[in-house]
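Text of work-v5.json, listed as JSON, C-alpha atoms:
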```json
[["chain", "number", "residue", "atom", "x", "y", "z"],
["A", 1, "PHE", "CA", 0.00, 0.00, 0.00],
["A", 2, "THR", "CA", 2.09, 2.89, -1.33],
["A", 3, "VAL", "CA", 1.50, 6.14, -3.19],
["A", 4, "GLU", "CA", 1.74, 4.15, -6.41],
["A", 5, "CYS", "CA", -0.97, 1.70, -5.35],
["A", 6, "PRO", "CA", -4.09, 2.13, -7.56],
["A", 7, "HIS", "CA", -6.39, 1.72, -4.56],
["A", 8, "PHE", "CA", -4.48, 4.39, -2.65],
["A", 9, "ILE", "CA", -4.71, 6.73, -5.66],
["A", 10, "GLU", "CA", -8.49, 6.23, -5.91],
["A", 11, "VAL", "CA", -9.05, 6.74, -2.17],
["A", 12, "TRP", "CA", -6.92, 9.89, -2.18],
["A", 13, "ALA", "CA", -8.82, 11.27, -5.17],
["A", 14, "LEU", "CA", -12.07, 10.61, -3.32],
["A", 15, "ARG", "CA", -10.68, 12.39, -0.28],
["A", 16, "GLU", "CA", -9.92, 15.45, -2.46],
["A", 17, "VAL", "CA", -13.51, 15.50, -3.79],
["A", 18, "ILE", "CA", -14.89, 15.30, -0.25],
["A", 19, "ALA", "CA", -12.59, 18.10, 0.93],
["A", 20, "ALA", "CA", -13.78, 20.32, -1.92],
["A", 21, "GLN", "CA", -17.40, 19.87, -0.77],
["A", 22, "ASP", "CA", -16.80, 20.27, 2.96],
["A", 23, "LYS", "CA", -18.96, 23.41, 3.09],
["A", 24, "TYR", "CA", -21.95, 21.12, 2.59],
["A", 25, "GLU", "CA", -20.96, 18.96, 5.57],
["A", 26, "ALA", "CA", -24.09, 19.66, 7.60],
["A", 27, "VAL", "CA", -26.61, 19.02, 4.82],
["A", 28, "TYR", "CA", -24.98, 16.39, 2.59],
["A", 29, "PHE", "CA", -22.42, 14.42, 4.59],
["A", 30, "THR", "CA", -24.84, 12.84, 7.03],
["A", 31, "ALA", "CA", -23.99, 9.68, 8.96],
["A", 32, "TYR", "CA", -25.77, 7.61, 6.32],
["A", 33, "THR", "CA", -23.87, 9.22, 3.44],
["A", 34, "CYS", "CA", -20.58, 8.66, 5.24],
["A", 35, "ARG", "CA", -21.48, 5.00, 5.72],
["A", 36, "LEU", "CA", -22.11, 4.66, 1.99],
["A", 37, "ILE", "CA", -18.73, 6.24, 1.20],
["A", 38, "THR", "CA", -16.96, 4.05, 3.75],
["A", 39, "PHE", "CA", -18.63, 0.92, 2.41],
["A", 40, "ALA", "CA", -17.61, 1.82, -1.15],
["A", 41, "ILE", "CA", -13.98, 2.16, -0.03],
["A", 42, "MET", "CA", -14.14, -1.12, 1.90],
["A", 43, "LYS", "CA", -15.58, -3.01, -1.09],
["A", 44, "ASP", "CA", -12.98, -1.56, -3.41],
["A", 45, "ALA", "CA", -10.17, -2.46, -1.00],
["A", 46, "HIS", "CA", -11.48, -6.01, -0.63],
["A", 47, "ALA", "CA", -11.74, -6.47, -4.40],
["A", 48, "TYR", "CA", -8.27, -5.04, -4.96],
["A", 49, "PHE", "CA", -6.31, -6.77, -2.20],
["A", 50, "ASN", "CA", -8.15, -10.08, -2.27],
["A", 51, "ASN", "CA", -5.93, -11.32, -5.08],
["A", 52, "THR", "CA", -3.10, -13.82, -4.87],
["A", 53, "TYR", "CA", -0.64, -14.58, -7.64],
["A", 54, "GLN", "CA", 1.50, -17.58, -8.38],
["A", 55, "PRO", "CA", 5.10, -17.08, -9.56],
["A", 56, "SER", "CA", 4.06, -18.19, -13.01],
["A", 57, "THR", "CA", 1.52, -15.35, -13.17],
["A", 58, "LEU", "CA", 4.11, -12.78, -12.13],
["A", 59, "ASN", "CA", 6.39, -14.02, -14.91],
["A", 60, "MET", "CA", 3.79, -13.38, -17.59],
["A", 61, "PRO", "CA", 4.62, -10.70, -20.21],
["A", 62, "ARG", "CA", 1.49, -8.84, -19.13],
["A", 63, "ILE", "CA", 0.60, -9.29, -15.46],
["A", 64, "PRO", "CA", -3.19, -9.01, -14.81],
["A", 65, "TYR", "CA", -2.91, -6.63, -11.89],
["A", 66, "PRO", "CA", -6.20, -5.83, -10.08],
["A", 67, "ARG", "CA", -7.93, -2.52, -10.66],
["A", 68, "SER", "CA", -9.44, 0.01, -8.30],
["A", 69, "ASP", "CA", -12.33, 2.32, -9.16],
["A", 70, "LEU", "CA", -14.12, 4.80, -6.89],
["A", 71, "LYS", "CA", -14.85, 7.34, -9.62],
["A", 72, "SER", "CA", -18.63, 6.79, -9.56],
["A", 73, "THR", "CA", -18.80, 7.54, -5.84],
["A", 74, "GLY", "CA", -16.68, 10.65, -6.36],
["A", 75, "GLN", "CA", -18.94, 11.88, -9.18],
["A", 76, "HIS", "CA", -22.01, 11.68, -6.93],
["A", 77, "ILE", "CA", -20.23, 13.60, -4.18],
["A", 78, "ALA", "CA", -19.01, 16.26, -6.62],
["A", 79, "ALA", "CA", -22.57, 16.76, -7.93],
["A", 80, "LEU", "CA", -24.11, 16.51, -4.42],
["A", 81, "THR", "CA", -26.42, 13.76, -5.63],
["A", 82, "ALA", "CA", -27.46, 10.59, -3.86],
["A", 83, "ILE", "CA", -24.96, 7.76, -3.71],
["A", 84, "PRO", "CA", -26.79, 4.57, -4.75],
["A", 85, "ARG", "CA", -27.08, 2.00, -2.01],
["A", 86, "PRO", "CA", -25.56, -1.34, -3.10],
["A", 87, "LEU", "CA", -27.58, -4.51, -2.65],
["A", 88, "ASP", "CA", -25.06, -5.93, -0.18],
["A", 89, "PHE", "CA", -25.06, -2.82, 2.02],
["A", 90, "PRO", "CA", -25.22, -3.94, 5.69],
["A", 91, "GLN", "CA", -28.73, -3.73, 7.11],
["A", 92, "LYS", "CA", -27.37, -2.54, 10.45],
["A", 93, "TRP", "CA", -25.85, 0.47, 8.67],
["A", 94, "LEU", "CA", -29.22, 1.67, 7.42],
["A", 95, "SER", "CA", -30.80, 4.73, 8.95],
["A", 96, "LYS", "CA", -33.90, 4.30, 11.06],
["A", 97, "GLY", "CA", -36.75, 3.39, 8.73],
["A", 98, "GLY", "CA", -34.38, 2.03, 6.07],
["A", 99, "ASP", "CA", -34.36, 5.13, 3.86],
["A", 100, "ALA", "CA", -31.54, 7.49, 3.10],
["A", 101, "ASP", "CA", -31.29, 10.51, 5.38],
["A", 102, "GLN", "CA", -28.88, 12.53, 3.26],
["A", 103, "GLY", "CA", -29.14, 15.72, 1.26],
["A", 104, "GLY", "CA", -30.05, 14.64, -2.25],
["A", 105, "LYS", "CA", -31.55, 11.52, -0.75],
["A", 106, "LEU", "CA", -33.38, 8.78, -2.57],
["A", 107, "GLY", "CA", -36.72, 8.09, -0.96],
["A", 108, "ASN", "CA", -39.56, 5.77, -1.93],
["A", 109, "GLY", "CA", -39.84, 5.38, -5.69],
["A", 110, "GLY", "CA", -36.49, 7.08, -6.31],
["A", 111, "ARG", "CA", -37.69, 10.58, -5.40],
["A", 112, "SER", "CA", -34.92, 13.02, -4.55],
["A", 113, "GLY", "CA", -34.75, 15.89, -2.09],
["A", 114, "PHE", "CA", -32.01, 18.52, -1.97],
["A", 115, "GLY", "CA", -31.01, 21.28, 0.42],
["A", 116, "GLN", "CA", -32.35, 22.40, 3.75],
["A", 117, "ALA", "CA", -35.91, 22.99, 4.91],
["A", 118, "LEU", "CA", -37.14, 26.54, 5.41],
["A", 119, "GLN", "CA", -38.28, 27.71, 8.79],
["A", 120, "ALA", "CA", -41.89, 28.84, 9.09],
["A", 121, "GLY", "CA", -40.83, 32.46, 9.38],
["A", 122, "ASP", "CA", -38.91, 32.27, 6.10],
["A", 123, "ARG", "CA", -42.05, 31.28, 4.24],
["A", 124, "GLU", "CA", -43.91, 34.25, 5.67],
["A", 125, "LYS", "CA", -41.17, 36.52, 4.31],
["A", 126, "GLY", "CA", -41.89, 35.57, 0.70],
["A", 127, "ALA", "CA", -40.61, 32.09, 0.09],
["A", 128, "PHE", "CA", -43.54, 31.56, -2.27],
["A", 129, "GLY", "CA", -43.70, 33.29, -5.62],
["A", 130, "ALA", "CA", -45.85, 35.89, -7.28],
["A", 131, "GLY", "CA", -45.83, 34.32, -10.74],
["A", 132, "GLY", "CA", -45.50, 36.03, -14.09],
["A", 133, "GLU", "CA", -42.16, 34.53, -15.14],
["A", 134, "THR", "CA", -41.34, 34.19, -18.82],
["A", 135, "GLN", "CA", -37.80, 32.80, -18.65],
["A", 136, "ALA", "CA", -36.38, 29.53, -17.36],
["A", 137, "LEU", "CA", -34.43, 29.83, -14.12],
["A", 138, "HIS", "CA", -31.38, 27.86, -15.30],
["A", 139, "PRO", "CA", -29.57, 27.46, -18.67],
["A", 140, "GLU", "CA", -29.82, 23.65, -18.39],
["A", 141, "PHE", "CA", -33.62, 23.93, -18.38],
["A", 142, "ASP", "CA", -33.49, 26.04, -21.56],
["A", 143, "LYS", "CA", -31.18, 23.49, -23.14],
["A", 144, "LEU", "CA", -33.49, 20.61, -22.16],
["A", 145, "PHE", "CA", -36.57, 22.23, -23.72],
["A", 146, "ALA", "CA", -34.79, 23.68, -26.77],
["A", 147, "PRO", "CA", -35.93, 20.89, -29.15],
["A", 148, "LEU", "CA", -39.59, 21.34, -28.18],
["A", 149, "THR", "CA", -42.23, 23.63, -29.63],
["A", 150, "ASN", "CA", -44.90, 25.06, -27.30],
["A", 151, "ALA", "CA", -44.45, 22.33, -24.71],
["A", 152, "THR", "CA", -44.79, 22.81, -20.95],
["A", 153, "VAL", "CA", -43.23, 20.91, -18.08],
["A", 154, "GLY", "CA", -46.69, 19.38, -17.58],
["A", 155, "ASN", "CA", -46.64, 18.02, -21.14],
["A", 156, "VAL", "CA", -43.18, 16.56, -20.57],
["A", 157, "CYS", "CA", -44.22, 14.89, -17.31],
["A", 158, "GLN", "CA", -47.28, 13.40, -18.98],
["A", 159, "ALA", "CA", -45.18, 12.06, -21.86],
["A", 160, "ALA", "CA", -42.74, 10.50, -19.39],
["A", 161, "GLY", "CA", -45.53, 9.03, -17.27],
["A", 162, "LEU", "CA", -44.49, 11.13, -14.27],
["A", 163, "ASN", "CA", -46.38, 13.12, -11.68],
["A", 164, "LEU", "CA", -45.12, 15.72, -9.23],
["A", 165, "ARG", "CA", -44.44, 13.09, -6.59],
["A", 166, "ASP", "CA", -41.87, 11.51, -8.93],
["A", 167, "LEU", "CA", -39.75, 14.64, -9.41],
["A", 168, "PRO", "CA", -36.77, 15.80, -7.35],
["A", 169, "TYR", "CA", -37.48, 18.73, -5.08],
["A", 170, "LEU", "CA", -35.85, 21.16, -2.68],
["A", 171, "TYR", "CA", -36.41, 20.65, 1.01],
["A", 172, "ALA", "CA", -37.15, 24.37, 1.21],
["A", 173, "ALA", "CA", -40.41, 23.63, -0.61],
["A", 174, "GLY", "CA", -41.61, 21.07, 1.91],
["A", 175, "GLY", "CA", -41.76, 17.32, 2.01],
["A", 176, "SER", "CA", -42.36, 16.46, -1.65],
["A", 177, "GLY", "CA", -42.40, 17.67, -5.23],
["A", 178, "GLU", "CA", -46.07, 18.59, -4.82],
["A", 179, "ASP", "CA", -44.90, 21.68, -2.92],
["A", 180, "MET", "CA", -42.51, 22.83, -5.68],
["A", 181, "CYS", "CA", -43.56, 25.12, -8.52],
["A", 182, "TYR", "CA", -41.95, 23.45, -11.53],
["A", 183, "HIS", "CA", -43.73, 25.87, -13.86],
["A", 184, "HIS", "CA", -41.69, 28.62, -12.21],
["A", 185, "LEU", "CA", -38.44, 26.76, -12.90],
["A", 186, "PHE", "CA", -39.26, 26.69, -16.62],
["A", 187, "GLY", "CA", -40.62, 30.25, -16.79],
["A", 188, "GLU", "CA", -44.25, 29.15, -17.07],
["A", 189, "CYS", "CA", -45.89, 30.20, -13.79],
["A", 190, "ARG", "CA", -48.75, 32.65, -14.40],
["A", 191, "ARG", "CA", -50.36, 32.60, -10.94],
["A", 192, "GLN", "CA", -50.48, 35.97, -9.24],
["A", 193, "ARG", "CA", -50.16, 34.38, -5.80],
["A", 194, "CYS", "CA", -48.65, 30.96, -6.35],
["A", 195, "ARG", "CA", -48.70, 28.89, -3.18],
["A", 196, "ARG", "CA", -45.95, 26.54, -4.30],
["A", 197, "TYR", "CA", -42.31, 27.21, -3.59],
["A", 198, "HIS", "CA", -40.50, 29.33, -6.18],
["A", 199, "ALA", "CA", -36.86, 28.30, -6.17],
["A", 200, "THR", "CA", -34.26, 31.02, -6.60],
["A", 201, "LYS", "CA", -31.17, 31.04, -8.78],
["A", 202, "LYS", "CA", -29.18, 30.84, -5.56],
["A", 203, "ASP", "CA", -31.01, 27.60, -4.69],
["A", 204, "LEU", "CA", -29.98, 26.09, -8.01],
["A", 205, "ASP", "CA", -26.39, 27.31, -7.74],
["A", 206, "THR", "CA", -26.15, 25.88, -4.23],
["A", 207, "TRP", "CA", -27.67, 22.52, -5.19],
["A", 208, "PRO", "CA", -26.48, 21.69, -8.74],
["A", 209, "GLY", "CA", -27.45, 18.07, -8.15],
["A", 210, "PHE", "CA", -31.09, 19.14, -8.14],
["A", 211, "VAL", "CA", -30.78, 20.65, -11.63],
["A", 212, "THR", "CA", -28.95, 17.60, -12.98],
["A", 213, "THR", "CA", -31.39, 15.11, -11.46],
["A", 214, "LEU", "CA", -34.48, 17.02, -12.63],
["A", 215, "CYS", "CA", -33.16, 17.22, -16.21],
["A", 216, "LYS", "CA", -32.38, 13.50, -16.23],
["A", 217, "ARG", "CA", -35.83, 12.67, -14.88],
["A", 218, "LEU", "CA", -37.55, 14.78, -17.55],
["A", 219, "GLN", "CA", -35.29, 13.80, -20.46],
["A", 220, "PRO", "CA", -37.33, 10.70, -21.52],
["A", 221, "GLY", "CA", -40.48, 12.85, -21.75],
["A", 222, "VAL", "CA", -38.67, 15.44, -23.87],
["A", 223, "GLN", "CA", -37.37, 12.74, -26.20],
["A", 224, "LYS", "CA", -40.83, 11.25, -26.55],
["A", 225, "LEU", "CA", -42.38, 14.63, -27.39],
["A", 226, "VAL", "CA", -39.63, 15.44, -29.90],
["A", 227, "LYS", "CA", -40.29, 12.15, -31.64],
["A", 228, "SER", "CA", -44.04, 12.81, -31.57],
["A", 229, "GLN", "CA", -43.63, 16.34, -32.95],
["A", 230, "GLY", "CA", -41.41, 15.02, -35.71],
["A", 231, "SER", "CA", -44.02, 12.41, -36.66],
["A", 232, "ARG", "CA", -46.76, 15.03, -36.82],
["A", 233, "LYS", "CA", -44.58, 17.34, -38.92],
["A", 234, "ARG", "CA", -43.80, 14.57, -41.42],
["A", 235, "ALA", "CA", -47.49, 13.69, -41.67],
["A", 236, "TYR", "CA", -48.33, 17.38, -42.28],
["A", 237, "ASP", "CA", -45.62, 17.74, -44.94],
["A", 238, "GLN", "CA", -47.03, 14.75, -46.82],
["A", 239, "LYS", "CA", -50.46, 16.36, -47.21]]
```
Using the file provided, produce a representation of the structure as structure tokens.
Amino acid sequence: FTVECPHFIEVWALREVIAAQDKYEAVYFTAYTCRLITFAIMKDAHAYFNNTYQPSTLNMPRIPYPRSDLKSTGQHIAALTAIPRPLDFPQKWLSKGGDADQGGKLGNGGRSGFGQALQAGDREKGAFGAGGETQALHPEFDKLFAPLTNATVGNVCQAAGLNLRDLPYLYAAGGSGEDMCYHHLFGECRRQRCRRYHATKKDLDTWPGFVTTLCKRLQPGVQKLVKSQGSRKRAYDQK
């Protein structure tokens, strides 16, 4: 186990990713998240070091040395998204109730929550929006909807077979996606006094994993609508 050991290199790289995100310690690096990271390192170490070689193997022109890979875990930490729980994760390491208790957590049905909850007083100070937006709140949302013509986030959800309970949300909104105003995110909210949470650009900058996860969840619906619009256009052109 030296600085040239592949497992050491992967663990150190993971350490650097964690250090870069230490400002999110209180909301992302919960006990459960740390257990997932620790288990990933333990599995990788076991897979790497649980190899024995005969002299004949070491004399081969190309020695099949073991490999180490913790990049996937590091990518989730860098994006502040949920680390998938492996099937062989120890039951005694689960949080009470068996669900993840981390920022960006995966709950029942794969729903995702990001960030911190608002206090009651914060909501009274204008946490909910006034409506009237005409522009998407993030460039990734514009990019996602660019191929579509006159489609709303509701159309995309319907095409993907999703409802609000299936979408990622910010804890500031409440306990589920039903409390988020997704129309606001895509510049579609027209309610004068919308009672759903209107995320801010600061929210999205603070929790980039929310943006990434929402786009991935909606992507199949966008693709389906693009295909449908193309079919209608071809049918029209043939008339």
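Separating atom CA of A:Leu214 from atom CA of A:Tyr169 is a distance of 8.3 Å.
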Nearby residues (all atoms listed in the file) at most 12 Å from A:Trp12, same-chain spacing under 2 positions excluded, as a PyMOL selection string: chain A and resi 2-10+14-19+41+68-71+74
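Residues surrounding stretch 149-158 of chain A within 7 Å are Asn163, His183, Leu218, Gly221 and Val222 of chain A [all atoms listed in the file; sequence separation below 5 positions excluded].
A straight line drawn from atom CA of A:Tyr182 to atom CA of A:Ala199 is 8.8 Å long.
Distance annotation: of A:Pro147, A:Gly161, A:Pro61, A:Pro66, the residue with the minimal separation from A:Ala47 is A:Pro66; atom set is only C-alpha atoms.
Comparing the minimum interatomic distances between A:Arg196 and each of A:Ala82, A:Leu164, A:Val211, A:Val226, counting only C-alpha atoms, we find that A:Leu164 sits nearest.
The coordinates place atom CA of A:Trp207 at 15.1 Å from atom CA of A:Ile83.
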Review point. Can you list, as a ChimeraX atom specification, every protein, DNA or RNA residue that comes within 7 Å of A:Phe186 when you count all atoms listed in the file, leaving out same-chain residues fewer than 2 positions away?
Key: /A:135-137,141,182-184,188
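Of the residues listed (A:Pro64, A:Ala13, A:Asp88, A:Tyr171), A:Pro64 shows the shortest atom-to-atom separation from A:Tyr48; distances use only C-alpha atoms.
Checking A:Lys43, A:Lys202, A:Arg191, A:His76 one by one against A:Phe89, counting all atoms listed in the file, you find the shortest gap at A:Lys43.
Among A:Arg165, A:Lys201, A:Arg35, A:Arg193, the residue with the shortest atom-to-atom distance to A:Pro84, counting only C-alpha atoms, is A:Arg35.
Distances to A:Lys227 were evaluated for A:Leu148, A:Arg190, A:Gln91, A:Leu162 using all atoms listed in the file, and the minimum falls at A:Leu148.
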So for stretch 14-29 of chain A, what box centre and size do we get, axis-aligned, 3 Å extra on each of the six sides, every listed atom, Å to one decimal, as lines of an AutoDock Vina configuration file?
```
center_x = -18.3
center_y = 17.0
center_z = 1.9
size_x = 22.7
size_y = 18.8
size_z = 17.4
```
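Using all atoms listed in the file, the protein and nucleic acid residues lying at most 6 Å from the point (-41.7, 9.7, -23.6) are Ala159, Ala160, Pro220, Gly221, Gln223 and Lys224 of chain A.
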Q: Find the residues near A:Ala40: any atom within 8 Å, counting only C-alpha atoms, skip ones fewer than 4 places away on the same chain, and give them as a PyMOL selection string.
A: chain A and resi 36+44+70+73
